[in-house]
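Student: model02.csv is reproduced below (CSV, C-alpha atoms).
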chain,number,residue,atom,x,y,z
A,1,MET,CA,50.0,-6.0,-66.5
A,2,ARG,CA,52.5,-8.6,-65.4
A,3,GLN,CA,53.9,-10.9,-68.1
A,4,ASP,CA,52.6,-13.9,-66.2
A,5,THR,CA,49.0,-12.6,-65.9
A,6,VAL,CA,46.7,-15.5,-67.0
A,7,LEU,CA,44.2,-14.9,-69.8
A,8,TRP,CA,41.2,-17.0,-70.8
A,9,ARG,CA,39.3,-17.2,-74.1
A,10,TYR,CA,36.1,-19.2,-73.9
A,11,LEU,CA,35.0,-21.0,-77.1
A,12,ASP,CA,32.1,-23.3,-78.2
A,13,ALA,CA,33.0,-26.5,-80.0
A,14,ALA,CA,32.7,-25.1,-83.5
A,15,LYS,CA,35.1,-22.2,-82.7
A,16,LEU,CA,37.5,-24.6,-81.0
A,17,PHE,CA,37.9,-26.9,-84.0
A,18,ASP,CA,38.2,-23.9,-86.3
A,19,PHE,CA,41.1,-22.8,-84.1
A,20,PHE,CA,42.7,-26.3,-84.2
A,21,GLU,CA,42.4,-26.4,-88.0
A,22,ASN,CA,43.4,-22.8,-88.9
A,23,SER,CA,45.5,-21.5,-86.0
A,24,THR,CA,44.0,-18.0,-86.3
A,25,LEU,CA,42.6,-15.4,-83.9
A,26,PHE,CA,39.4,-13.6,-84.9
A,27,PHE,CA,39.3,-9.8,-84.4
A,28,CYS,CA,35.8,-8.4,-84.4
A,29,ARG,CA,35.1,-5.1,-86.1
A,30,ALA,CA,34.3,-2.6,-83.3
A,31,ASP,CA,30.9,-1.6,-84.8
A,32,HIS,CA,29.7,-5.2,-84.6
A,33,PHE,CA,29.7,-5.4,-80.8
A,34,SER,CA,26.3,-5.3,-79.2
A,35,ASP,CA,27.3,-2.8,-76.4
A,36,LYS,CA,26.1,0.7,-77.6
A,37,PHE,CA,28.9,2.3,-75.5
A,38,GLU,CA,31.6,0.4,-77.4
A,39,GLY,CA,34.1,3.1,-78.5
A,40,ALA,CA,32.0,5.8,-76.8
A,41,PHE,CA,33.6,9.2,-76.2
A,42,THR,CA,33.0,11.3,-73.1
A,43,PRO,CA,31.3,14.8,-73.4
A,44,SER,CA,34.8,16.5,-73.0
A,45,LEU,CA,36.4,14.4,-75.8
A,46,ARG,CA,33.3,15.0,-78.1
A,47,GLN,CA,33.6,18.7,-77.5
A,48,GLN,CA,37.3,18.6,-78.2
A,49,ILE,CA,36.8,16.9,-81.6
A,50,SER,CA,33.9,19.2,-82.5
A,51,ASP,CA,35.9,22.3,-81.7
A,52,ALA,CA,38.8,21.1,-83.8
A,53,TYR,CA,36.4,20.6,-86.8
A,54,ALA,CA,34.9,24.1,-86.2
A,55,LYS,CA,38.4,25.6,-86.3
A,56,GLY,CA,39.2,23.8,-89.5
A,57,GLU,CA,41.9,21.7,-87.8
A,58,ILE,CA,40.3,18.5,-89.0
A,59,ASP,CA,38.1,17.8,-92.0
A,60,TYR,CA,35.6,15.4,-90.3
A,61,THR,CA,32.7,16.0,-87.8
A,62,TYR,CA,32.5,14.2,-84.5
A,63,GLU,CA,30.0,11.7,-85.9
A,64,GLN,CA,32.1,11.0,-89.0
A,65,PHE,CA,35.2,10.5,-86.8
A,66,LYS,CA,33.3,8.1,-84.4
A,67,ARG,CA,31.9,6.1,-87.3
A,68,ARG,CA,35.4,5.8,-88.9
A,69,MET,CA,36.9,4.6,-85.7
A,70,ARG,CA,34.3,2.0,-85.1
A,71,GLU,CA,34.7,0.7,-88.7
A,72,SER,CA,38.5,0.7,-88.6
A,73,VAL,CA,39.4,-0.9,-85.3
A,74,PHE,CA,39.3,-4.7,-84.7
A,75,ILE,CA,39.3,-6.4,-81.3
A,76,ASN,CA,40.2,-9.8,-79.9
A,77,CYS,CA,39.0,-10.3,-76.3
A,78,TRP,CA,40.3,-12.3,-73.4
A,79,HIS,CA,39.2,-12.7,-69.7
A,80,ARG,CA,41.9,-11.9,-67.1
A,81,SER,CA,41.8,-14.3,-64.1
A,82,GLN,CA,43.9,-16.9,-62.4
A,83,ASP,CA,41.0,-19.3,-62.4
A,84,ASP,CA,38.0,-20.0,-64.7
A,85,SER,CA,34.7,-18.4,-64.2
A,86,ALA,CA,31.2,-19.9,-64.1
A,87,ALA,CA,29.8,-16.7,-65.5
A,88,MET,CA,32.2,-16.8,-68.5
A,89,TRP,CA,31.4,-20.4,-69.2
A,90,ALA,CA,27.7,-19.6,-69.3
A,91,LEU,CA,28.1,-16.4,-71.4
A,92,TYR,CA,30.8,-17.5,-73.9
A,93,GLY,CA,31.0,-21.3,-73.8
A,94,LYS,CA,27.3,-21.4,-74.5
A,95,SER,CA,27.0,-25.2,-74.2
A,96,GLU,CA,28.4,-28.1,-72.2
A,97,CYS,CA,30.6,-28.8,-75.2
A,98,ALA,CA,33.0,-25.9,-74.7
A,99,VAL,CA,36.6,-25.1,-73.8
A,100,ALA,CA,38.7,-22.2,-72.7
A,101,LEU,CA,42.1,-21.5,-74.2
A,102,THR,CA,44.5,-20.0,-71.7
A,103,THR,CA,47.6,-18.1,-72.2
A,104,THR,CA,49.6,-15.3,-70.5
A,105,VAL,CA,50.1,-11.7,-71.3
A,106,GLY,CA,53.8,-12.6,-72.1
A,107,GLN,CA,52.9,-15.5,-74.4
A,108,LEU,CA,50.2,-13.5,-76.2
A,109,ALA,CA,52.6,-10.6,-76.8
A,110,GLY,CA,55.3,-12.9,-77.9
A,111,THR,CA,53.0,-14.7,-80.3
A,112,LEU,CA,51.8,-11.4,-81.8
A,113,LYS,CA,55.4,-10.2,-82.3
A,114,GLY,CA,55.8,-13.1,-84.7
A,115,VAL,CA,52.9,-12.0,-86.9
A,116,GLU,CA,53.8,-10.5,-90.2
A,117,THR,CA,51.3,-7.7,-90.6
A,118,ASP,CA,51.2,-4.0,-91.4
A,119,HIS,CA,48.6,-3.5,-88.7
A,120,ASP,CA,49.2,-1.5,-85.5
A,121,ILE,CA,48.6,-4.1,-82.7
A,122,THR,CA,48.4,-3.3,-79.0
A,123,ILE,CA,47.4,-5.3,-75.9
A,124,ALA,CA,45.3,-3.3,-73.4
A,125,ARG,CA,43.7,-4.0,-70.0
A,126,VAL,CA,40.2,-2.7,-70.2
A,127,GLU,CA,39.2,0.0,-67.7
A,128,TYR,CA,35.5,0.4,-66.7
A,129,VAL,CA,34.1,3.8,-66.4
A,130,LYS,CA,30.8,5.8,-66.3
A,131,HIS,CA,30.9,7.6,-69.7
A,132,TRP,CA,28.0,9.9,-68.7
A,133,SER,CA,29.9,11.3,-65.8
A,134,ASP,CA,32.6,12.7,-68.1
A,135,PRO,CA,35.7,10.8,-66.7
A,136,LYS,CA,39.1,11.7,-67.9
A,137,LEU,CA,40.2,9.1,-70.4
A,138,ASP,CA,43.8,8.6,-71.7
A,139,VAL,CA,43.5,8.1,-75.4
A,140,SER,CA,47.1,8.9,-76.3
A,141,PRO,CA,49.0,8.3,-78.6
A,142,ASP,CA,45.9,7.9,-80.8
A,143,TYR,CA,42.2,7.7,-80.3
A,144,ALA,CA,42.1,3.9,-80.8
A,145,ARG,CA,42.7,3.6,-77.1
A,146,ILE,CA,39.1,4.6,-76.6
A,147,PHE,CA,38.4,0.9,-77.0
A,148,ALA,CA,40.4,0.2,-73.9
A,149,TYR,CA,37.4,1.6,-71.9
A,150,LYS,CA,34.0,0.1,-71.4
A,151,THR,CA,31.0,1.0,-69.3
A,152,LYS,CA,30.9,-0.1,-65.7
A,153,ALA,CA,28.1,-2.6,-66.4
A,154,TYR,CA,30.7,-5.0,-67.9
A,155,GLU,CA,33.3,-4.8,-65.1
A,156,TYR,CA,32.7,-8.5,-64.3
A,157,GLU,CA,34.3,-9.5,-67.6
A,158,LYS,CA,37.8,-8.3,-66.4
A,159,GLU,CA,38.7,-8.0,-70.1
A,160,VAL,CA,42.0,-7.7,-71.8
A,161,ARG,CA,41.9,-6.7,-75.5
A,162,VAL,CA,44.2,-7.1,-78.4
A,163,ILE,CA,43.4,-4.0,-80.6
A,164,ILE,CA,44.2,-3.7,-84.3
A,165,ASP,CA,44.0,0.0,-85.4
A,166,ARG,CA,43.6,0.4,-89.2
A,167,THR,CA,42.5,4.0,-89.1
A,168,GLY,CA,45.7,5.1,-90.8
A,169,HIS,CA,45.7,2.4,-93.5
A,170,GLY,CA,43.1,3.7,-95.9
A,171,PRO,CA,39.8,2.2,-96.8
A,172,ILE,CA,38.7,-1.2,-95.2
A,173,PRO,CA,39.6,-4.0,-97.7
A,174,GLU,CA,36.6,-5.3,-99.6
A,175,GLY,CA,35.1,-8.4,-97.9
A,176,VAL,CA,36.1,-7.3,-94.4
A,177,HIS,CA,32.7,-7.0,-92.8
A,178,SER,CA,32.4,-8.5,-89.3
A,179,GLY,CA,36.1,-8.8,-88.7
A,180,ILE,CA,39.5,-10.2,-89.7
A,181,VAL,CA,41.5,-13.3,-88.9
A,182,ILE,CA,45.2,-13.2,-88.0
A,183,PRO,CA,47.3,-16.4,-88.4
A,184,ILE,CA,49.3,-17.2,-85.2
A,185,ASP,CA,51.5,-20.0,-83.9
A,186,ALA,CA,49.1,-21.9,-81.7
A,187,THR,CA,51.8,-23.9,-80.0
A,188,ARG,CA,53.5,-20.7,-78.9
A,189,LEU,CA,50.2,-19.1,-77.7
A,190,LEU,CA,48.7,-21.8,-75.6
A,191,ARG,CA,49.3,-22.3,-71.9
A,192,SER,CA,46.5,-24.9,-71.5
A,193,ILE,CA,43.2,-26.1,-72.9
A,194,VAL,CA,40.5,-26.3,-70.2
A,195,ILE,CA,37.3,-28.3,-70.8
A,196,ALA,CA,34.0,-27.1,-69.6
A,197,PRO,CA,32.9,-28.4,-66.2
A,198,ASP,CA,29.7,-30.1,-67.5
A,199,ALA,CA,31.3,-31.5,-70.7
A,200,PRO,CA,30.4,-35.2,-71.4
A,201,PRO,CA,33.3,-37.7,-71.3
A,202,TRP,CA,33.2,-38.2,-75.1
A,203,PHE,CA,33.8,-34.5,-75.7
A,204,GLU,CA,36.8,-34.5,-73.4
A,205,GLN,CA,38.2,-37.4,-75.2
A,206,LEU,CA,37.6,-35.8,-78.6
A,207,VAL,CA,39.4,-32.6,-77.5
A,208,ARG,CA,42.4,-34.5,-76.2
A,209,GLN,CA,42.7,-36.6,-79.4
A,210,SER,CA,42.3,-33.5,-81.6
A,211,ALA,CA,44.9,-31.5,-79.7
A,212,GLN,CA,47.3,-34.4,-80.1
A,213,ARG,CA,46.5,-34.8,-83.8
A,214,TYR,CA,47.3,-31.1,-84.4
A,215,GLY,CA,50.6,-31.3,-82.5
A,216,LEU,CA,49.5,-29.1,-79.6
A,217,LYS,CA,51.6,-29.8,-76.5
A,218,ALA,CA,49.7,-27.6,-74.1
A,219,PRO,CA,48.1,-29.6,-71.3
A,220,VAL,CA,44.4,-30.5,-71.7
A,221,ARG,CA,42.5,-30.6,-68.4
A,222,ARG,CA,38.9,-30.4,-67.1
A,223,SER,CA,37.8,-27.3,-65.3
A,224,LYS,CA,38.3,-27.4,-61.6
A,225,LEU,CA,34.7,-26.5,-61.2
A,226,ALA,CA,34.0,-30.1,-62.2
A,227,THR,CA,35.6,-31.3,-59.0
A,228,ASP,CA,33.2,-33.0,-56.5
A,229,PRO,CA,33.1,-31.1,-53.2
A,230,ILE,CA,34.2,-32.8,-50.0
How does the structure come out when it is put into structure tokens?
Tutor:
Amino acid sequence: MRQDTVLWRYLDAAKLFDFFENSTLFFCRADHFSDKFEGAFTPSLRQQISDAYAKGEIDYTYEQFKRRMRESVFINCWHRSQDDSAAMWALYGKSECAVALTTTVGQLAGTLKGVETDHDITIARVEYVKHWSDPKLDVSPDYARIFAYKTKAYEYEKEVRVIIDRTGHGPIPEGVHSGIVIPIDATRLLRSIVIAPDAPPWFEQLVRQSAQRYGLKAPVRRSKLATDPI
């Protein structure tokens, strides 16, 4: 991806003000996604892992390996587009009182470089495949890249993922159930704050005042979808 590729993260009001207050990004644990193909392997990869277990090269079965991966990988999701999307507003904004945070691949990568963590963090553009047709997937250098693939049914999301791989860091810390939060520099991350096209004027004013109060210099604007047609 180009460094200037624009990314969007759609939030309802509650998540927005949590972001303003805490300056964190939430990473969902992979086994908490609703998509049953999340982290799914292909028939060839499954056979490869099963054969390695049968030969004694690894000490876990395919099912054990898949479960461990889904419990040890955490994901933060963005939508890749130059412009905002009516579908994304409906799916992830969830109400007229919603916003989208925008950044670029370069800004996101730069922000994450400043994070003090022992986690392995990567940014990946999601590829959409038909798992059942046994496509060839590139999961090197480690199997966590399996989460950079999703089934074709979600191709409209044009997703970019930040992936945290904890498979080599021992047991999941107690209290980490649905996901983890990572502190970030919000001023470094944000390119703009875009207000939902149907948001009432009072909500737009509240977002502008709150952004100013928290010292965020990124421009706040209303979605271009709110523009009246000629």
Student: Given only C-alpha atoms as the basis, pick out the residue of A:Tyr143, A:Trp8, A:Phe17, A:Trp89 nearest to A:Arg208.
Tutor: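 Once distances to A:Arg208 are computed over only C-alpha atoms, the minimum belongs to A:Phe17.
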Student: Neighbours of A:Ser95 within 10 Å (all atoms listed in the file; same-chain residues fewer than 5 positions away dropped), as a list in words?
Tutor: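 Using all atoms listed in the file, the neighbours found are Leu11, Asp12, Ala13, Trp89, Ala90, Ala196, Asp198 and Ala199 of chain A.
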Student: Take the residues just selected and output them with C-alpha atoms as a compact mmCIF listing (two decimals), in the coordinates of the input.
Tutor:
# COMPACT_ATOMS: atom_id res chain seq x y z
CA LEU A 11 35.00 -21.00 -77.10
CA ASP A 12 32.10 -23.30 -78.20
CA ALA A 13 33.00 -26.50 -80.00
CA TRP A 89 31.40 -20.40 -69.20
CA ALA A 90 27.70 -19.60 -69.30
CA ALA A 196 34.00 -27.10 -69.60
CA ASP A 198 29.70 -30.10 -67.50
CA ALA A 199 31.30 -31.50 -70.70
Student: Considering all atoms listed in the file, state which residue in the set A:Gln48, A:Thr167, A:Ser192, A:Ser178 is at the smallest distance from A:Arg9.
Tutor: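 Checking each of A:Gln48, A:Thr167, A:Ser192, A:Ser178 against A:Arg9, counting all atoms listed in the file, the winner is A:Ser192.
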Student: I need the residue nearest A:Ala40 from this list: A:Lys113, A:Arg145, A:Arg166, A:Lys15. Use all atoms listed in the file for the distance.
Tutor: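 Residue with the minimum atom-to-atom distance to A:Ala40: A:Arg145.
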Student: Could you tell me how far atom CA of A:Ile163 sits from atom CA of A:Ile180, in Å to one decimal place?
Tutor: 11.7 Å
Student: Write out as a PDB file with C-alpha atoms, keeping the file's coordinate frame which residues come within 7 Å of A:Leu25 when counting only C-alpha atoms, dropping same-chain ones fewer than 3 positions away.
Tutor:
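Contents of selection_30.pdb, freshly written:
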ATOM      1  CA  VAL A 181      41.500 -13.300 -88.900  1.00  0.00           C
ATOM      2  CA  ILE A 182      45.200 -13.200 -88.000  1.00  0.00           C
ATOM      3  CA  PRO A 183      47.300 -16.400 -88.400  1.00  0.00           C
TER       4      PRO A 183
END
Student: Rank A:Val126, A:Ile195, A:Leu225, A:Met69 by their smallest atom-to-atom distance to A:Asp142, using all atoms listed in the file, and report the top residue only.
Tutor: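 Counting all atoms listed in the file, the residue closest to A:Asp142 is A:Met69.
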Student: Skip stretch 60-64 of chain A itself and residues of its chain fewer than 3 positions away, then list as a ChimeraX atom specification all residues within 9 Å of it, counting all atoms listed in the file.
Tutor: /A:46-47,49-50,52-54,67-69
Student: Rounded to one decimal in Å, what is the spacing between atom CA of A:Pro219 and atom CA of A:Arg161?
Tutor: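 Interatomic distance, atom CA of A:Pro219 to atom CA of A:Arg161: 24.1 Å.
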Student: Report, in Å with one decimal, the straight-line distance from atom CA of A:Asp228 to atom CA of A:Thr102.
Tutor: 23.0 Å
Student: Which of these residues is nearest to A:His119, using only C-alpha atoms: A:Ser85, A:Ser72, A:Ser223, A:Ser133?
Tutor: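 Closest residue, counting only C-alpha atoms: A:Ser72.
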Student: With distances taken over only C-alpha atoms, which residue among A:Ser140, A:Ser34, A:Ser44, A:Ser23 lies nearest A:Ala211?
Tutor: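 Looking at the shortest contact to A:Ala211, the residue is A:Ser23.
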Student: Need the shell around A:Lys36: protein/DNA/RNA residues with any atom at most 12 Å away, counting all atoms listed in the file. Skip same-chain ones fewer than 5 positions apart. Format as a PyMOL selection string?
Tutor: chain A and resi 30-31+41+70+131+150-151+153
Student: Write out as a short mmCIF file (atom, residue, chain, number, x, y, z; two decimals) with C-alpha atoms, in the coordinates of the input the residues lying within 10 Å of A:Tyr156, counting only C-alpha atoms and excluding same-chain residues fewer than 5 positions away.
Tutor:
data_model
loop_
_atom_site.label_atom_id
_atom_site.label_comp_id
_atom_site.auth_asym_id
_atom_site.auth_seq_id
_atom_site.Cartn_x
_atom_site.Cartn_y
_atom_site.Cartn_z
CA HIS A 79 39.20 -12.70 -69.70
CA ALA A 87 29.80 -16.70 -65.50
CA MET A 88 32.20 -16.80 -68.50
CA TYR A 128 35.50 0.40 -66.70
#
